[in-house]
>>> print(open('entry_21.cif').read())   # mmCIF, C-alpha atoms
data_target
#
loop_
_atom_site.label_atom_id
_atom_site.label_comp_id
_atom_site.auth_asym_id
_atom_site.auth_seq_id
_atom_site.Cartn_x
_atom_site.Cartn_y
_atom_site.Cartn_z
CA MET A 1 -21.63 250.31 123.44
CA LEU A 2 -18.43 248.72 122.20
CA ARG A 3 -17.91 251.66 119.89
CA SER A 4 -17.49 253.98 122.88
CA MET A 5 -14.83 251.65 124.30
CA PHE A 6 -12.82 251.64 121.10
CA SER A 7 -13.19 255.42 120.82
CA ALA A 8 -11.91 255.79 124.38
CA VAL A 9 -8.97 253.47 123.61
CA SER A 10 -8.02 255.62 120.61
CA GLY A 11 -8.25 258.71 122.81
CA LEU A 12 -5.99 257.11 125.43
CA ARG A 13 -3.45 256.15 122.80
CA ASN A 14 -3.45 259.57 121.16
CA HIS A 15 -3.19 261.49 124.41
CA GLN A 16 -0.27 259.28 125.34
CA THR A 17 1.40 260.43 122.12
CA TYR A 18 0.46 263.99 123.07
CA MET A 19 2.15 263.50 126.43
CA ASP A 20 5.24 262.02 124.76
CA VAL A 21 5.65 265.07 122.53
CA VAL A 22 5.14 267.51 125.41
CA GLY A 23 7.57 265.57 127.57
CA ASN A 24 10.19 265.67 124.83
CA ASN A 25 9.75 269.41 124.43
CA ILE A 26 10.19 270.01 128.14
CA ALA A 27 13.21 267.67 128.27
CA ASN A 28 14.89 269.81 125.57
CA VAL A 29 14.08 273.21 127.04
CA THR A 30 17.83 273.93 127.37
CA THR A 31 19.02 272.07 124.25
CA THR A 32 20.92 274.34 121.88
CA ALA A 33 18.81 275.36 118.86
CA PHE A 34 16.13 272.74 119.64
CA LYS A 35 12.86 273.19 117.75
CA ALA A 36 9.69 272.27 119.62
CA SER A 37 7.05 269.93 118.21
CA ARG A 38 3.27 270.03 118.38
CA VAL A 39 0.55 267.40 117.93
CA THR A 40 -2.65 267.89 115.96
CA PHE A 41 -5.54 265.41 116.14
CA GLN A 42 -8.25 264.54 113.68
CA GLU A 43 -11.38 262.45 113.90
CA MET A 44 -11.38 258.87 112.77
CA LEU A 45 -14.00 257.33 110.47
CA SER A 46 -17.63 257.82 111.34
CA GLN A 47 -20.20 255.04 111.05
CA LEU A 48 -23.33 255.94 109.12
CA VAL A 49 -26.42 255.05 111.15
CA ARG A 50 -28.95 256.65 108.87
CA SER A 51 -28.45 258.38 105.58
CA GLY A 52 -29.90 261.79 104.91
CA SER A 53 -32.63 262.71 102.47
CA ALA A 54 -33.37 265.72 100.32
CA PRO A 55 -36.39 267.91 100.96
CA GLU A 56 -39.53 267.26 98.94
CA PRO A 57 -40.64 270.12 96.67
CA GLU A 58 -44.05 270.51 98.28
CA GLY A 59 -43.82 268.13 101.18
CA ARG A 60 -41.49 267.36 104.04
CA GLY A 61 -38.11 268.88 104.57
CA GLY A 62 -34.79 267.09 104.31
CA ILE A 63 -33.27 264.86 106.97
CA ASN A 64 -29.63 265.10 107.97
CA PRO A 65 -27.52 261.95 108.00
CA ALA A 66 -26.95 260.34 111.40
CA GLN A 67 -23.37 259.26 112.12
CA VAL A 68 -21.46 257.94 115.11
CA GLY A 69 -17.76 258.75 115.33
CA LEU A 70 -15.27 255.96 115.94
CA GLY A 71 -12.63 257.90 117.84
CA SER A 72 -9.62 260.06 116.98
CA LEU A 73 -6.15 259.67 115.57
CA VAL A 74 -2.93 261.67 115.41
CA GLY A 75 -3.14 263.90 112.34
CA ALA A 76 0.40 265.31 112.40
CA ILE A 77 3.40 265.95 114.62
CA ASP A 78 4.89 269.20 113.33
CA THR A 79 8.24 270.80 114.09
CA LEU A 80 8.00 274.52 114.86
CA HIS A 81 10.95 276.25 113.20
CA THR A 82 10.48 279.57 114.95
CA GLN A 83 13.48 281.69 115.96
CA GLY A 84 15.01 280.96 119.34
CA THR A 85 16.61 283.62 121.50
CA PHE A 86 20.39 284.07 121.54
CA GLN A 87 22.78 283.48 124.38
CA SER A 88 26.07 285.38 124.26
CA THR A 89 29.14 283.18 124.80
CA GLY A 90 32.00 285.34 123.53
CA GLN A 91 33.44 282.30 121.73
CA VAL A 92 34.23 283.18 118.12
CA THR A 93 33.39 279.68 116.89
CA ASP A 94 29.92 279.75 118.48
CA LEU A 95 27.55 280.72 115.69
CA GLY A 96 23.86 281.55 115.52
CA ILE A 97 21.58 282.14 112.53
CA GLN A 98 19.34 285.19 112.66
CA GLY A 99 16.57 284.22 110.26
CA ASP A 100 16.07 281.21 108.01
CA GLY A 101 18.72 278.67 107.18
CA PHE A 102 20.73 275.73 108.44
CA PHE A 103 24.42 275.02 108.78
CA ILE A 104 25.63 272.18 106.58
CA VAL A 105 27.79 269.56 108.28
CA ALA A 106 29.22 266.33 106.90
CA ASP A 107 30.70 263.08 108.11
CA GLY A 108 32.66 262.46 104.92
CA THR A 109 29.84 260.71 103.05
CA ARG A 110 26.57 262.47 103.91
CA HIS A 111 25.39 265.99 104.53
CA PHE A 112 23.24 266.91 107.51
CA TYR A 113 21.58 270.19 108.47
CA THR A 114 21.55 271.86 111.87
CA ARG A 115 20.87 275.11 113.68
CA ASP A 116 23.29 274.13 116.44
CA GLY A 117 26.27 276.46 115.96
CA ALA A 118 28.51 275.17 118.75
CA PHE A 119 31.67 274.63 116.72
CA SER A 120 35.31 274.25 117.63
CA ILE A 121 38.65 274.05 115.83
CA GLY A 122 40.14 270.57 115.49
CA PRO A 123 43.87 269.78 115.66
CA ASP A 124 43.97 269.72 111.86
CA GLY A 125 42.38 273.18 111.67
CA THR A 126 38.97 271.98 110.50
CA VAL A 127 35.84 273.62 111.92
CA THR A 128 33.87 270.82 113.59
CA ALA A 129 30.68 270.50 115.61
CA SER A 130 31.70 270.18 119.25
CA ALA A 131 29.15 267.48 120.11
CA THR A 132 29.27 265.29 116.99
CA GLY A 133 32.61 265.95 115.30
CA LEU A 134 30.85 266.61 112.00
CA LYS A 135 32.70 269.12 109.83
CA LEU A 136 31.29 272.47 108.78
CA MET A 137 30.91 272.95 105.03
CA GLY A 138 31.38 276.04 102.90
CA TRP A 139 33.64 277.43 100.21
CA VAL A 140 37.41 277.75 100.52
CA ALA A 141 39.07 280.91 99.18
CA ASP A 142 41.59 280.56 96.38
CA GLN A 143 45.13 281.96 96.40
CA ASN A 144 43.82 285.35 95.31
CA GLY A 145 41.43 285.53 98.26
CA GLN A 146 38.32 284.96 96.14
CA VAL A 147 35.37 282.73 97.05
CA ASP A 148 33.12 281.08 94.46
CA THR A 149 29.76 280.56 96.15
CA ALA A 150 28.52 278.72 93.07
CA GLY A 151 31.22 276.07 93.39
CA PRO A 152 31.12 272.73 95.23
CA LEU A 153 31.08 272.66 99.02
CA GLN A 154 34.28 271.90 100.88
CA VAL A 155 35.31 271.35 104.48
CA LEU A 156 36.27 274.65 106.09
CA SER A 157 39.61 274.76 107.87
CA LEU A 158 41.97 277.33 109.37
CA PRO A 159 45.70 277.43 108.52
CA LEU A 160 46.94 276.97 112.07
CA GLY A 161 50.62 277.89 112.33
CA ALA A 162 50.76 278.97 108.69
CA ALA A 163 53.01 281.86 107.69
CA MET A 164 52.23 284.72 105.34
CA THR A 165 55.10 285.44 103.00
CA ALA A 166 56.23 288.98 102.26
CA GLN A 167 54.34 290.71 99.47
CA ALA A 168 55.67 293.67 97.52
CA THR A 169 53.38 296.67 97.09
CA THR A 170 51.99 296.86 93.56
CA GLN A 171 48.87 298.97 94.04
CA ALA A 172 48.20 302.27 95.81
CA ARG A 173 44.81 303.99 96.02
CA LEU A 174 44.65 307.61 97.13
CA ASP A 175 41.46 309.08 98.50
CA GLY A 176 40.34 312.28 100.14
CA ASN A 177 40.11 315.96 99.26
CA LEU A 178 42.41 318.70 98.02
CA GLN A 179 41.21 322.10 99.19
CA ALA A 180 40.13 324.20 96.24
CA GLY A 181 42.08 327.47 96.00
CA SER A 182 44.88 326.33 98.33
CA THR A 183 48.28 327.81 97.47
CA ASN A 184 50.34 325.62 99.76
CA PRO A 185 51.74 322.24 98.66
CA GLN A 186 49.90 319.30 100.22
CA THR A 187 51.71 316.11 101.21
CA LEU A 188 50.70 312.55 101.92
CA ASN A 189 52.93 309.86 103.42
CA MET A 190 52.30 306.21 102.65
CA THR A 191 54.05 302.96 103.45
CA VAL A 192 55.15 300.59 100.71
CA TYR A 193 56.78 297.18 101.07
CA ASP A 194 59.60 295.74 99.00
CA SER A 195 59.76 292.11 97.83
CA LEU A 196 61.42 291.08 101.12
CA GLY A 197 58.72 292.70 103.24
CA HIS A 198 60.70 295.73 104.43
CA PRO A 199 58.57 298.91 104.81
CA HIS A 200 59.58 302.18 103.18
CA GLN A 201 58.08 305.65 103.41
CA VAL A 202 57.06 307.40 100.21
CA THR A 203 55.81 310.99 100.15
CA ILE A 204 53.35 312.28 97.54
CA THR A 205 53.46 316.07 97.17
CA PHE A 206 50.55 317.88 95.49
CA THR A 207 51.16 321.37 94.10
CA ARG A 208 48.34 323.48 92.68
CA THR A 209 49.25 324.82 89.21
CA GLY A 210 45.91 326.23 88.06
CA PRO A 211 42.26 326.69 89.05
CA ASP A 212 41.51 323.01 88.41
CA THR A 213 44.94 321.36 88.05
CA TRP A 214 47.39 319.88 90.51
CA ASN A 215 50.80 318.36 89.90
CA TRP A 216 51.90 315.44 92.02
CA ALA A 217 55.39 314.05 92.59
CA ALA A 218 56.62 311.05 94.59
CA SER A 219 59.77 311.22 96.69
CA THR A 220 61.56 309.80 99.72
CA THR A 221 64.34 310.80 102.13
CA GLU A 222 65.40 307.22 102.91
CA ALA A 223 69.02 306.40 102.11
CA GLY A 224 69.47 303.68 99.50
CA VAL A 225 65.97 304.20 98.12
CA ALA A 226 65.13 306.29 95.04
CA VAL A 227 61.53 307.14 94.13
CA ALA A 228 60.35 308.52 90.80
CA GLY A 229 56.88 309.42 89.62
CA THR A 230 55.04 312.56 88.54
CA GLY A 231 51.73 313.49 87.00
CA THR A 232 49.02 316.11 86.60
CA LEU A 233 45.47 315.90 87.95
CA THR A 234 42.58 317.77 86.34
CA PHE A 235 39.27 318.38 88.12
CA ASP A 236 35.88 319.38 86.71
CA ALA A 237 33.47 322.00 88.05
CA ASN A 238 32.06 319.45 90.50
CA GLY A 239 35.46 318.66 91.95
CA ARG A 240 35.86 315.24 90.35
CA VAL A 241 38.97 313.96 88.60
CA THR A 242 38.68 314.14 84.82
CA GLY A 243 42.30 313.67 83.80
CA GLY A 244 45.44 312.03 85.12
CA GLY A 245 43.57 309.66 87.40
CA THR A 246 46.25 306.98 87.23
CA GLY A 247 50.03 307.01 87.39
CA THR A 248 53.07 304.91 88.13
CA ILE A 249 55.52 305.23 91.02
CA GLN A 250 58.86 303.52 90.55
CA VAL A 251 61.01 302.59 93.54
CA THR A 252 64.67 301.64 93.06
CA TYR A 253 66.80 300.08 95.81
CA THR A 254 70.56 300.21 96.33
CA PRO A 255 71.57 296.93 98.05
CA GLY A 256 74.99 298.22 99.09
CA ILE A 257 73.41 300.92 101.25
CA LEU A 258 70.41 298.98 102.52
CA GLY A 259 72.38 295.86 103.36
CA TYR A 260 69.88 293.61 101.56
CA ALA A 261 68.77 293.19 97.96
CA PRO A 262 65.02 293.40 97.23
CA LEU A 263 63.61 293.16 93.75
CA SER A 264 64.43 296.42 91.93
CA PRO A 265 62.98 298.43 90.32
CA GLN A 266 59.52 298.14 91.87
CA ASN A 267 56.59 299.61 89.95
CA ILE A 268 53.49 300.70 91.89
CA ASN A 269 50.25 301.54 90.09
CA ALA A 270 48.73 304.63 91.72
CA ASP A 271 45.00 305.38 91.48
CA PHE A 272 44.06 309.05 92.02
CA GLY A 273 40.53 308.72 90.62
CA SER A 274 38.82 308.97 94.02
CA LEU A 275 40.33 312.34 94.93
CA THR A 276 38.15 315.45 94.99
CA GLN A 277 38.78 319.20 94.89
CA THR A 278 36.23 321.04 97.03
CA ALA A 279 36.13 323.89 99.52
CA GLY A 280 36.62 321.48 102.38
CA ALA A 281 39.92 321.15 104.19
CA THR A 282 42.61 318.95 102.69
CA ASN A 283 42.30 315.41 103.99
CA LEU A 284 44.30 312.71 102.20
CA VAL A 285 44.58 308.98 102.88
CA ALA A 286 46.26 306.13 101.03
CA GLU A 287 45.58 302.40 100.86
CA THR A 288 48.32 300.10 99.63
CA ASP A 289 48.67 296.37 99.24
CA GLY A 290 51.77 294.42 100.20
CA SER A 291 52.87 293.32 103.63
CA SER A 292 55.77 292.17 105.76
CA PRO A 293 56.06 288.47 106.71
CA GLY A 294 53.63 287.26 109.37
CA SER A 295 52.02 284.21 110.93
CA PHE A 296 48.42 283.20 111.52
CA SER A 297 47.27 284.39 114.93
CA THR A 298 43.45 284.44 115.05
CA PHE A 299 40.35 284.79 112.90
CA SER A 300 37.00 286.52 112.68
CA ILE A 301 33.64 285.66 111.11
CA THR A 302 31.40 288.26 109.46
CA ASN A 303 27.60 288.33 109.27
CA ASN A 304 27.65 286.85 105.76
CA GLY A 305 29.78 283.94 106.95
CA GLU A 306 33.16 285.08 105.61
CA ILE A 307 36.08 283.76 107.64
CA TYR A 308 39.07 286.11 107.77
CA GLY A 309 42.45 285.07 109.05
CA ILE A 310 44.27 287.72 111.08
CA TYR A 311 48.06 287.60 110.93
CA SER A 312 50.76 288.95 113.20
CA ASN A 313 51.68 291.61 110.63
CA GLY A 314 48.21 293.13 110.91
CA GLN A 315 46.98 291.78 107.59
CA ARG A 316 43.59 290.13 107.05
CA ARG A 317 43.08 287.42 104.47
CA LEU A 318 39.83 285.80 103.38
CA LEU A 319 40.06 282.07 104.10
CA GLY A 320 36.58 280.88 103.20
CA GLN A 321 32.86 281.39 103.61
CA ILE A 322 30.25 279.39 105.53
CA ALA A 323 27.39 277.97 103.46
CA LEU A 324 23.77 277.99 104.60
CA ALA A 325 20.94 275.81 103.33
CA ARG A 326 17.35 276.99 103.09
CA PHE A 327 14.27 274.83 102.53
CA VAL A 328 10.87 275.68 101.11
CA ASN A 329 9.34 273.45 103.79
CA PRO A 330 11.71 273.13 106.76
CA GLY A 331 8.92 271.38 108.67
CA GLY A 332 9.37 268.45 106.29
CA LEU A 333 12.91 267.75 107.51
CA MET A 334 13.46 264.56 109.49
CA HIS A 335 14.98 264.56 112.97
CA VAL A 336 17.95 262.19 113.07
CA GLY A 337 19.15 262.99 116.61
CA GLN A 338 22.05 265.07 117.92
CA ASN A 339 20.36 268.31 116.79
CA LEU A 340 20.62 267.17 113.16
CA PHE A 341 18.07 267.13 110.36
CA ASP A 342 18.01 265.13 107.13
CA LEU A 343 16.08 265.47 103.90
CA SER A 344 12.65 263.94 103.39
CA PRO A 345 10.42 263.73 100.31
CA ASN A 346 8.38 266.69 101.58
CA SER A 347 11.22 269.00 102.64
CA GLY A 348 12.36 269.83 99.14
CA ASP A 349 15.96 270.12 98.01
CA PRO A 350 18.31 272.41 99.92
CA GLN A 351 18.81 275.88 98.47
CA ILE A 352 22.47 276.45 99.26
CA GLY A 353 24.05 279.90 99.27
CA ALA A 354 25.74 282.57 101.32
CA ALA A 355 24.22 284.05 104.46
CA GLY A 356 22.13 287.13 103.85
CA THR A 357 21.18 286.12 100.30
CA GLY A 358 18.14 284.37 98.84
CA GLY A 359 16.09 284.65 102.02
CA ARG A 360 18.81 283.10 104.16
CA GLY A 361 19.50 284.72 107.53
CA GLU A 362 22.67 286.31 108.85
CA ILE A 363 25.34 284.55 110.88
CA LEU A 364 26.16 285.93 114.32
CA SER A 365 29.51 285.03 115.88
CA GLY A 366 29.93 284.63 119.62
CA VAL A 367 26.34 283.56 120.32
CA LEU A 368 24.30 280.35 120.39
CA GLU A 369 20.62 279.99 119.55
CA MET A 370 18.61 278.64 122.47
CA SER A 371 15.64 276.28 122.39
CA ASN A 372 12.36 277.78 121.20
CA VAL A 373 10.35 275.75 123.76
CA ASP A 374 7.79 277.93 125.57
CA LEU A 375 7.49 276.43 129.04
CA ALA A 376 4.21 278.21 129.80
CA ARG A 377 2.64 276.71 126.70
CA GLU A 378 4.13 273.28 127.36
CA PHE A 379 2.82 273.14 130.92
CA THR A 380 -0.62 274.09 129.59
CA ASN A 381 -0.34 271.29 127.04
CA LEU A 382 0.77 268.98 129.84
CA ILE A 383 -2.47 269.67 131.73
CA MET A 384 -4.54 269.21 128.58
CA ALA A 385 -2.85 265.89 127.80
CA GLU A 386 -3.33 264.65 131.33
CA ARG A 387 -6.98 265.67 131.54
CA GLY A 388 -7.71 264.31 128.07
CA PHE A 389 -6.20 260.97 129.05
CA GLN A 390 -8.15 260.99 132.30
CA ALA A 391 -11.45 261.77 130.54
CA ASN A 392 -10.98 258.97 128.02
CA ALA A 393 -10.20 256.58 130.86
CA ARG A 394 -13.51 257.59 132.46
CA VAL A 395 -15.34 256.82 129.19
CA LEU A 396 -13.71 253.40 129.17
CA THR A 397 -14.78 252.79 132.78
CA ALA A 398 -18.33 253.94 132.10
CA SER A 399 -18.58 251.70 129.04
CA ASP A 400 -17.38 248.78 131.13
CA GLU A 401 -20.07 249.48 133.72
CA LEU A 402 -22.72 249.53 131.01
CA LEU A 403 -21.52 246.16 129.77
CA GLN A 404 -21.65 244.89 133.34
CA GLU A 405 -25.26 246.03 133.66
CA LEU A 406 -26.09 244.32 130.37
CA ALA A 407 -24.53 241.12 131.58
CA ASN A 408 -26.57 241.32 134.80
CA ILE A 409 -29.92 241.44 132.93
CA ARG A 410 -29.99 237.62 132.84
CA ARG A 411 -30.17 237.53 136.63
#
>>> encode(input="entry_21.cif", output="structure tokens")
Amino acid sequence: MLRSMFSAVSGLRNHQTYMDVVGNNIANVTTTAFKASRVTFQEMLSQLVRSGSAPEPEGRGGINPAQVGLGSLVGAIDTLHTQGTFQSTGQVTDLGIQGDGFFIVADGTRHFYTRDGAFSIGPDGTVTASATGLKLMGWVADQNGQVDTAGPLQVLSLPLGAAMTAQATTQARLDGNLQAGSTNPQTLNMTVYDSLGHPHQVTITFTRTGPDTWNWAASTTEAGVAVAGTGTLTFDANGRVTGGGTGTIQVTYTPGILGYAPLSPQNINADFGSLTQTAGATNLVAETDGSSPGSFSTFSITNNGEIYGIYSNGQRRLLGQIALARFVNPGGLMHVGQNLFDLSPNSGDPQIGAAGTGGRGEILSGVLEMSNVDLAREFTNLIMAERGFQANARVLTASDELLQELANIRR
């Protein structure tokens, strides 16, 4: 009789835990990137009343063991790391992860992991979590605009108010098509920058000299600027460049005419290897490096987490890349509050890398991941927790009445 009371007490206690978990889920139905939890129960020890016996070869059959259960206990409280829906905010620093992975944030001494992508830009340019002030981690680009995703993590920051110095053009890449059989010269205008950041127009003229050969020559009509450079392009039967795919264009400046003195002469390496000669119409484009002076104005974030600074001169420069961490068992992470997770012995070590690689999801800018709490399911669980608690209370009451009847036998 007492066993039923203790079983009922364990049921009351466990259903209270069930109610606590459901209540926490409902309380966080609008919490950014919150991951719901679930409770699973398991039976407690069972008391053996009578052991079983094996069947006799030519006699009686076997007897099953007789056991009385001693209640239930909480088997596990799991975190459900399913994808939440996205809410568009239009804020560039609001980030969501489509797929697996966690942002890595730090307080200067420890790393934490979160799906909450509500970030902002601090006065020092660092990207920080709006609610906690923890700083977003990733890889910072070097002076050449390269990111080493195998290197150590660093705090990501934006160069607020920084200026971009003038860069002279050193490379030019020409692409497009020269119409096969054309007898008219074809021209292409491109902009090059001197060492002071002044733009100059250079014209490349292509003249067909044979069935599969074209001569090119660089020139300009700008006063105080002299351009030199010639070459011959050879194409194969498939219209691809087989000879003369590279060349040099030299630009010389006359300070007395220009009124300023850039570095002179200026050599530009020209790449013609992407040109084709087909029956299609002539369509030529040129890409050059170099730029005029500018200042940092805004930034953008790509799906693989690359942060590009956009400058007033129209140039884009890679500033860094956001790192994501992936876990073999994300359910093993420990909640530490404020939408943060920490490592546990069963979570495994973080697998850190760029978004979109190694099973990590993509980063979406301008959106926030919402809670994955399903209210319909939680209200169903609420009813089950309440009725389970009520039923165990009735068992406790019934056991008490039986004890009362036993005590009244003496009368």
>>> residues_around(input="entry_21.cif", residues="Phe6 (chain A)", least_positions_apart="5", cutoff="12 Å", atoms="all atoms listed in the file", output="ChimeraX atom specification")
/A:1,11-13,44,69-73,392-393,395-397,399-400
>>> atom_distance(input="entry_21.cif", atom1="CA of Asn215 (chain A)", atom2="CA of Thr234 (chain A)")
9.0 Å
>>> closest_residue(input="entry_21.cif", among="A:Gly133, A:Pro159, A:Gly138, A:Gly290", to="Val192 (chain A)", atoms="only C-alpha atoms")
A:Gly290
>>> residues_around(input="entry_21.cif", residues="Ala66 (chain A)", least_positions_apart="4", cutoff="8 Å", atoms="only C-alpha atoms", output="tab-separated table (two decimals) with C-alpha atoms, in the coordinates of the input")
chain	number	residue	atom	x	y	z
A	48	LEU	CA	-23.33	255.94	109.12
A	49	VAL	CA	-26.42	255.05	111.15
A	50	ARG	CA	-28.95	256.65	108.87
A	51	SER	CA	-28.45	258.38	105.58
A	52	GLY	CA	-29.90	261.79	104.91
>>> atom_distance(input="entry_21.cif", atom1="CA of Ser264 (chain A)", atom2="CA of Tyr193 (chain A)")
11.9 Å
>>> closest_residue(input="entry_21.cif", among="A:Thr282, A:Leu324, A:Asp20, A:Pro262", to="Asn184 (chain A)", atoms="all atoms listed in the file")
A:Thr282
>>> closest_residue(input="entry_21.cif", among="A:Ala325, A:Gly305, A:His335, A:Arg110", to="Ile77 (chain A)", atoms="all atoms listed in the file")
A:His335
>>> atom_distance(input="entry_21.cif", atom1="CA of Ile249 (chain A)", atom2="CA of Gln186 (chain A)")
17.7 Å
>>> residues_around(input="entry_21.cif", residues="region 351-367 of chain A", least_positions_apart="5", cutoff="8 Å", atoms="all atoms listed in the file", output="PDB file with C-alpha atoms, keeping the file's coordinate frame")
ATOM      1  CA  PHE A  86      20.390 284.070 121.540  1.00  0.00           C
ATOM      2  CA  GLN A  87      22.780 283.480 124.380  1.00  0.00           C
ATOM      3  CA  SER A  88      26.070 285.380 124.260  1.00  0.00           C
ATOM      4  CA  THR A  89      29.140 283.180 124.800  1.00  0.00           C
ATOM      5  CA  GLY A  90      32.000 285.340 123.530  1.00  0.00           C
ATOM      6  CA  GLN A  91      33.440 282.300 121.730  1.00  0.00           C
ATOM      7  CA  VAL A  92      34.230 283.180 118.120  1.00  0.00           C
ATOM      8  CA  THR A  93      33.390 279.680 116.890  1.00  0.00           C
ATOM      9  CA  ASP A  94      29.920 279.750 118.480  1.00  0.00           C
ATOM     10  CA  LEU A  95      27.550 280.720 115.690  1.00  0.00           C
ATOM     11  CA  GLY A  96      23.860 281.550 115.520  1.00  0.00           C
ATOM     12  CA  ILE A  97      21.580 282.140 112.530  1.00  0.00           C
ATOM     13  CA  GLN A  98      19.340 285.190 112.660  1.00  0.00           C
ATOM     14  CA  GLY A  99      16.570 284.220 110.260  1.00  0.00           C
ATOM     15  CA  ASP A 100      16.070 281.210 108.010  1.00  0.00           C
ATOM     16  CA  GLY A 101      18.720 278.670 107.180  1.00  0.00           C
ATOM     17  CA  THR A 149      29.760 280.560  96.150  1.00  0.00           C
ATOM     18  CA  ALA A 150      28.520 278.720  93.070  1.00  0.00           C
ATOM     19  CA  ILE A 301      33.640 285.660 111.110  1.00  0.00           C
ATOM     20  CA  THR A 302      31.400 288.260 109.460  1.00  0.00           C
ATOM     21  CA  ASN A 303      27.600 288.330 109.270  1.00  0.00           C
ATOM     22  CA  ASN A 304      27.650 286.850 105.760  1.00  0.00           C
ATOM     23  CA  GLY A 305      29.780 283.940 106.950  1.00  0.00           C
ATOM     24  CA  GLN A 321      32.860 281.390 103.610  1.00  0.00           C
ATOM     25  CA  ILE A 322      30.250 279.390 105.530  1.00  0.00           C
ATOM     26  CA  ALA A 323      27.390 277.970 103.460  1.00  0.00           C
ATOM     27  CA  LEU A 324      23.770 277.990 104.600  1.00  0.00           C
ATOM     28  CA  ALA A 325      20.940 275.810 103.330  1.00  0.00           C
ATOM     29  CA  ARG A 326      17.350 276.990 103.090  1.00  0.00           C
ATOM     30  CA  PHE A 327      14.270 274.830 102.530  1.00  0.00           C
TER      31      PHE A 327
END
>>> resolve_selection(input="entry_21.cif", expression="the PyMOL selection byres ((chain A and resi 338) around 8)", output="ChimeraX atom specification")
/A:131-132,336-337,339-340
>>> closest_residue(input="entry_21.cif", among="A:Ile104, A:Leu382, A:Ala118, A:Ala376", to="Ala33 (chain A)", atoms="only C-alpha atoms")
A:Ala118
>>> residues_near_point(input="entry_21.cif", point="(32.8, 275.6, 116.8)", cutoff="7 Å", atoms="only C-alpha atoms", output="compact mmCIF listing (two decimals) with C-alpha atoms, in the coordinates of the input")
# COMPACT_ATOMS: atom_id res chain seq x y z
CA THR A 93 33.39 279.68 116.89
CA ASP A 94 29.92 279.75 118.48
CA GLY A 117 26.27 276.46 115.96
CA ALA A 118 28.51 275.17 118.75
CA PHE A 119 31.67 274.63 116.72
CA SER A 120 35.31 274.25 117.63
CA ILE A 121 38.65 274.05 115.83
CA VAL A 127 35.84 273.62 111.92
CA THR A 128 33.87 270.82 113.59
CA ALA A 129 30.68 270.50 115.61
CA SER A 130 31.70 270.18 119.25
>>> build_atoms(input="entry_21.cif", residues="region 306-318 of chain A", atoms="N, CA and C atoms", output="PDB file, in the coordinates of the input")
ATOM      1  N   GLU A 306      31.772 285.055 106.066  1.00  0.00           N
ATOM      2  CA  GLU A 306      33.160 285.080 105.610  1.00  0.00           C
ATOM      3  C   GLU A 306      34.110 284.908 106.775  1.00  0.00           C
ATOM      4  N   ILE A 307      35.079 284.022 106.614  1.00  0.00           N
ATOM      5  CA  ILE A 307      36.080 283.760 107.640  1.00  0.00           C
ATOM      6  C   ILE A 307      37.379 284.441 107.236  1.00  0.00           C
ATOM      7  N   TYR A 308      37.833 285.378 108.050  1.00  0.00           N
ATOM      8  CA  TYR A 308      39.070 286.110 107.770  1.00  0.00           C
ATOM      9  C   TYR A 308      40.147 285.676 108.751  1.00  0.00           C
ATOM     10  N   GLY A 309      41.303 285.334 108.209  1.00  0.00           N
ATOM     11  CA  GLY A 309      42.450 285.070 109.050  1.00  0.00           C
ATOM     12  C   GLY A 309      43.154 286.366 109.381  1.00  0.00           C
ATOM     13  N   ILE A 310      43.559 286.527 110.620  1.00  0.00           N
ATOM     14  CA  ILE A 310      44.270 287.720 111.080  1.00  0.00           C
ATOM     15  C   ILE A 310      45.692 287.300 111.414  1.00  0.00           C
ATOM     16  N   TYR A 311      46.664 287.988 110.817  1.00  0.00           N
ATOM     17  CA  TYR A 311      48.060 287.600 110.930  1.00  0.00           C
ATOM     18  C   TYR A 311      48.821 288.599 111.813  1.00  0.00           C
ATOM     19  N   SER A 312      49.981 288.153 112.266  1.00  0.00           N
ATOM     20  CA  SER A 312      50.760 288.950 113.200  1.00  0.00           C
ATOM     21  C   SER A 312      51.249 290.264 112.602  1.00  0.00           C
ATOM     22  N   ASN A 313      51.263 290.362 111.275  1.00  0.00           N
ATOM     23  CA  ASN A 313      51.680 291.610 110.630  1.00  0.00           C
ATOM     24  C   ASN A 313      50.518 292.575 110.432  1.00  0.00           C
ATOM     25  N   GLY A 314      49.367 292.253 111.005  1.00  0.00           N
ATOM     26  CA  GLY A 314      48.210 293.130 110.910  1.00  0.00           C
ATOM     27  C   GLY A 314      47.360 292.932 109.681  1.00  0.00           C
ATOM     28  N   GLN A 315      47.730 292.006 108.823  1.00  0.00           N
ATOM     29  CA  GLN A 315      46.980 291.780 107.590  1.00  0.00           C
ATOM     30  C   GLN A 315      45.802 290.838 107.841  1.00  0.00           C
ATOM     31  N   ARG A 316      44.750 291.019 107.027  1.00  0.00           N
ATOM     32  CA  ARG A 316      43.590 290.130 107.050  1.00  0.00           C
ATOM     33  C   ARG A 316      43.493 289.455 105.690  1.00  0.00           C
ATOM     34  N   ARG A 317      43.197 288.167 105.722  1.00  0.00           N
ATOM     35  CA  ARG A 317      43.080 287.420 104.470  1.00  0.00           C
ATOM     36  C   ARG A 317      41.828 286.564 104.521  1.00  0.00           C
ATOM     37  N   LEU A 318      41.035 286.611 103.445  1.00  0.00           N
ATOM     38  CA  LEU A 318      39.830 285.800 103.380  1.00  0.00           C
ATOM     39  C   LEU A 318      40.208 284.336 103.204  1.00  0.00           C
TER      40      LEU A 318
END
